[in-house]
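entry-v3.csv (CSV, C-alpha atoms) appears below.
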chain,number,residue,atom,x,y,z
A,1027,MET,CA,-24.5,2.6,20.4
A,1028,PRO,CA,-21.8,0.6,18.7
A,1029,ARG,CA,-20.1,-2.0,20.8
A,1030,ALA,CA,-16.3,-2.1,20.9
A,1031,HIS,CA,-14.4,-5.4,21.2
A,1032,ARG,CA,-10.7,-5.6,22.3
A,1033,TYR,CA,-8.3,-8.4,21.3
A,1034,GLU,CA,-5.1,-8.9,23.1
A,1035,VAL,CA,-2.2,-11.2,22.2
A,1036,THR,CA,1.4,-11.5,23.1
A,1037,VAL,CA,4.0,-11.8,20.3
A,1038,THR,CA,7.4,-12.9,21.6
A,1039,TRP,CA,10.5,-13.1,19.4
A,1040,THR,CA,12.3,-16.4,19.9
A,1041,GLY,CA,15.0,-16.0,17.2
A,1042,ASN,CA,17.9,-14.7,19.2
A,1043,THR,CA,20.8,-17.1,18.2
A,1044,GLY,CA,23.2,-15.6,20.7
A,1045,THR,CA,24.2,-12.3,19.2
A,1046,GLY,CA,20.8,-10.6,18.8
A,1047,THR,CA,20.3,-8.6,15.6
A,1048,SER,CA,24.0,-8.0,15.1
A,1049,GLY,CA,23.6,-8.7,11.4
A,1050,TYR,CA,20.8,-9.4,8.9
A,1051,ARG,CA,21.7,-13.1,8.7
A,1052,ASP,CA,22.6,-13.4,12.4
A,1053,TYR,CA,19.1,-13.8,13.9
A,1054,GLY,CA,16.1,-16.0,13.4
A,1055,ARG,CA,12.7,-14.7,12.5
A,1056,SER,CA,11.0,-17.2,14.8
A,1057,HIS,CA,8.4,-15.9,17.2
A,1058,ARG,CA,5.4,-17.1,19.1
A,1059,VAL,CA,1.9,-15.7,19.2
A,1060,ASP,CA,0.0,-16.3,22.5
A,1061,ALA,CA,-3.3,-15.4,24.0
A,1062,ASP,CA,-4.7,-16.4,27.4
A,1063,GLY,CA,-6.1,-19.9,27.5
A,1064,LYS,CA,-5.1,-20.8,23.9
A,1065,PRO,CA,-2.4,-22.8,22.3
A,1066,SER,CA,0.6,-20.9,21.0
A,1067,VAL,CA,0.9,-20.2,17.3
A,1068,PRO,CA,4.5,-20.7,16.0
A,1069,GLY,CA,5.4,-17.8,13.7
A,1070,SER,CA,8.2,-16.7,11.4
A,1071,SER,CA,8.6,-14.6,8.4
A,1072,ASP,CA,7.9,-15.9,4.9
A,1073,PRO,CA,10.7,-18.2,3.7
A,1074,SER,CA,11.4,-15.5,1.0
A,1075,PHE,CA,12.5,-13.3,3.9
A,1076,ARG,CA,14.7,-15.8,5.8
A,1077,GLY,CA,11.8,-17.4,7.6
A,1078,ASP,CA,11.1,-20.9,8.7
A,1079,PRO,CA,8.7,-22.6,6.2
A,1080,GLU,CA,7.4,-24.9,9.0
A,1081,ARG,CA,5.9,-21.9,10.9
A,1082,TRP,CA,3.0,-19.6,10.1
A,1083,ASN,CA,3.9,-16.2,8.7
A,1084,PRO,CA,1.9,-13.0,9.0
A,1085,GLU,CA,0.8,-13.1,5.4
A,1086,GLU,CA,-0.7,-16.6,5.7
A,1087,LEU,CA,-2.4,-15.6,9.0
A,1088,LEU,CA,-4.0,-12.6,7.3
A,1089,VAL,CA,-5.4,-14.7,4.4
A,1090,ALA,CA,-6.6,-17.3,6.9
A,1091,SER,CA,-8.3,-14.5,9.0
A,1092,LEU,CA,-10.2,-13.3,5.9
A,1093,SER,CA,-11.3,-16.9,5.1
A,1094,GLN,CA,-12.4,-17.7,8.6
A,1095,CYS,CA,-14.4,-14.5,9.0
A,1096,HIS,CA,-16.2,-15.0,5.7
A,1097,MET,CA,-16.9,-18.7,6.6
A,1098,LEU,CA,-18.3,-17.9,10.0
A,1099,TRP,CA,-20.6,-15.2,8.7
A,1100,PHE,CA,-21.8,-17.5,5.8
A,1101,LEU,CA,-22.6,-20.3,8.2
A,1102,HIS,CA,-24.5,-17.9,10.5
A,1103,LEU,CA,-26.5,-16.6,7.6
A,1104,CYS,CA,-27.3,-20.1,6.3
A,1105,SER,CA,-28.4,-21.1,9.8
A,1106,ALA,CA,-30.6,-18.1,10.1
A,1107,GLU,CA,-32.2,-18.7,6.6
A,1108,GLY,CA,-32.8,-22.4,7.1
A,1109,VAL,CA,-30.1,-23.4,4.6
A,1110,VAL,CA,-28.3,-26.5,5.9
A,1111,VAL,CA,-24.6,-26.6,5.2
A,1112,THR,CA,-22.9,-30.0,5.6
A,1113,ASP,CA,-19.4,-29.2,4.4
A,1114,TYR,CA,-17.2,-26.1,3.9
A,1115,THR,CA,-13.7,-25.9,2.7
A,1116,ASP,CA,-11.9,-22.8,1.4
A,1117,ARG,CA,-8.6,-22.6,-0.4
A,1118,PRO,CA,-8.0,-18.8,-0.5
A,1119,GLN,CA,-5.1,-17.2,-2.2
A,1120,GLY,CA,-3.6,-13.8,-1.3
A,1121,THR,CA,-1.2,-11.8,-3.5
A,1122,MET,CA,1.3,-9.5,-2.0
A,1123,THR,CA,3.6,-7.3,-4.1
A,1124,GLU,CA,6.9,-6.0,-2.9
A,1125,GLY,CA,7.9,-2.4,-3.5
A,1126,THR,CA,11.3,-1.2,-4.5
A,1127,ASP,CA,12.0,-0.1,-0.9
A,1128,GLY,CA,11.6,-3.7,0.3
A,1129,GLY,CA,8.2,-3.1,1.8
A,1130,GLY,CA,5.0,-4.4,0.2
A,1131,ARG,CA,1.3,-4.7,0.4
A,1132,PHE,CA,-1.4,-7.1,-0.4
A,1133,THR,CA,-3.1,-6.4,-3.7
A,1134,GLU,CA,-5.9,-8.9,-3.3
A,1135,VAL,CA,-7.2,-12.0,-1.7
A,1136,VAL,CA,-9.5,-14.5,-3.4
A,1137,LEU,CA,-11.7,-16.8,-1.4
A,1138,ARG,CA,-12.8,-20.0,-3.1
A,1139,PRO,CA,-15.2,-21.7,-0.7
A,1140,GLU,CA,-16.5,-25.2,-1.6
A,1141,VAL,CA,-19.8,-25.7,0.2
A,1142,GLY,CA,-21.9,-28.8,0.5
A,1143,PHE,CA,-25.7,-28.6,1.3
A,1144,ALA,CA,-28.1,-31.0,2.8
A,1145,ALA,CA,-30.4,-30.5,-0.1
A,1146,PRO,CA,-29.1,-29.7,-3.6
A,1147,GLU,CA,-31.7,-27.0,-4.2
A,1148,GLN,CA,-30.4,-25.0,-1.3
A,1149,ALA,CA,-27.2,-24.3,-3.3
A,1150,ALA,CA,-29.1,-21.8,-5.3
A,1151,ARG,CA,-29.1,-19.4,-2.3
A,1152,ALA,CA,-25.3,-19.7,-1.9
A,1153,ALA,CA,-24.3,-16.8,-4.1
A,1154,GLU,CA,-26.6,-14.4,-2.3
A,1155,LEU,CA,-25.5,-15.6,1.1
A,1156,HIS,CA,-21.8,-15.4,0.2
A,1157,GLU,CA,-22.4,-11.8,-0.9
A,1158,ARG,CA,-24.1,-10.9,2.3
A,1159,ALA,CA,-21.4,-12.6,4.3
A,1160,HIS,CA,-18.7,-10.7,2.5
A,1161,GLY,CA,-20.5,-7.4,3.3
A,1162,LEU,CA,-20.6,-8.3,7.0
A,1163,CYS,CA,-17.1,-9.7,7.4
A,1164,PHE,CA,-15.2,-7.7,10.1
A,1165,ILE,CA,-11.8,-8.5,8.6
A,1166,ALA,CA,-12.7,-7.8,5.0
A,1167,ASN,CA,-14.2,-4.5,6.0
A,1168,SER,CA,-10.9,-3.6,7.7
A,1169,VAL,CA,-8.4,-4.1,4.9
A,1170,ASN,CA,-7.5,-1.7,2.1
A,1171,PHE,CA,-7.3,-4.2,-0.7
A,1172,PRO,CA,-10.0,-6.1,-2.6
A,1173,VAL,CA,-11.2,-9.4,-1.2
A,1174,ARG,CA,-13.2,-11.4,-3.8
A,1175,CYS,CA,-15.3,-14.5,-3.2
A,1176,GLU,CA,-15.4,-17.0,-6.0
A,1177,PRO,CA,-17.4,-20.0,-4.7
A,1178,VAL,CA,-16.7,-23.3,-6.2
A,1179,GLN,CA,-19.7,-25.5,-7.0
A,1180,LEU,CA,-19.4,-29.0,-5.8
Final structure tokens representation of the file:
Amino acid sequence: MPRAHRYEVTVTWTGNTGTGTSGYRDYGRSHRVDADGKPSVPGSSDPSFRGDPERWNPEELLVASLSQCHMLWFLHLCSAEGVVVTDYTDRPQGTMTEGTDGGGRFTEVVLRPEVGFAAPEQAARAAELHERAHGLCFIANSVNFPVRCEPVQL
């Protein structure tokens, strides 16, 4: 029987500048994401939508979630297969396209992991393990746009 997992957070708007949402330019997009026992994540909208560039926006967090999930599965698979990873850095990029109605959607995310291995010959298994990790990634399996993985050879 499949196991169900629940995730609970609290999102609190902190952008009331005194007049609430009385006008489009009259309120801040700042907010906070909290979960029990964890540090707060300062959030805002993308600067293109009047957000604070010093805070995380939902689009960045989505791209980060895809990258994190892939990395964690990849590291697990490497560990299980005896492939020793010594370094891992990803610089993913997501593309979101706005519609004429002001809404939008992601059209793709590209992961670009750079992985270091204890032994150079272990790098030969990387492509297969990245493919398997992609197939197992909870987040990639939950989105309705392509997520591609283009590993960068060190």
Sel. within 12 Å of pt (-15.4, -13.5, 8.4), counting all atoms listed in the file, output as a ChimeraX atom specification: /A:1088-1103,1137,1156-1168,1173,1175
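Atom CA of Arg1151 of chain A to atom CA of Thr1112 of chain A spans 14.6 Å [interatomic distance, one decimal].
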Put the listed atoms of segment 1109-1115 of chain A in a box along x, y and z with 4 Å added on every side and give me the centre and edge lengths in Å to one decimal, as AutoDock Vina command-line options.
--center_x -21.9 --center_y -26.7 --center_z 4.3 --size_x 24.4 --size_y 14.6 --size_z 11.2
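Between Pro1084 of chain A and the residues A:Gly1044, A:Gly1049, A:Phe1132, A:Thr1126, the shortest atom-to-atom distance, using all atoms listed in the file, involves A:Phe1132.
Nearest-residue note for Phe1171 of chain A: choosing from A:Gly1054, A:Gly1120, A:Gly1125, A:Pro1146, the minimum distance belongs to A:Gly1120, counting all atoms listed in the file.
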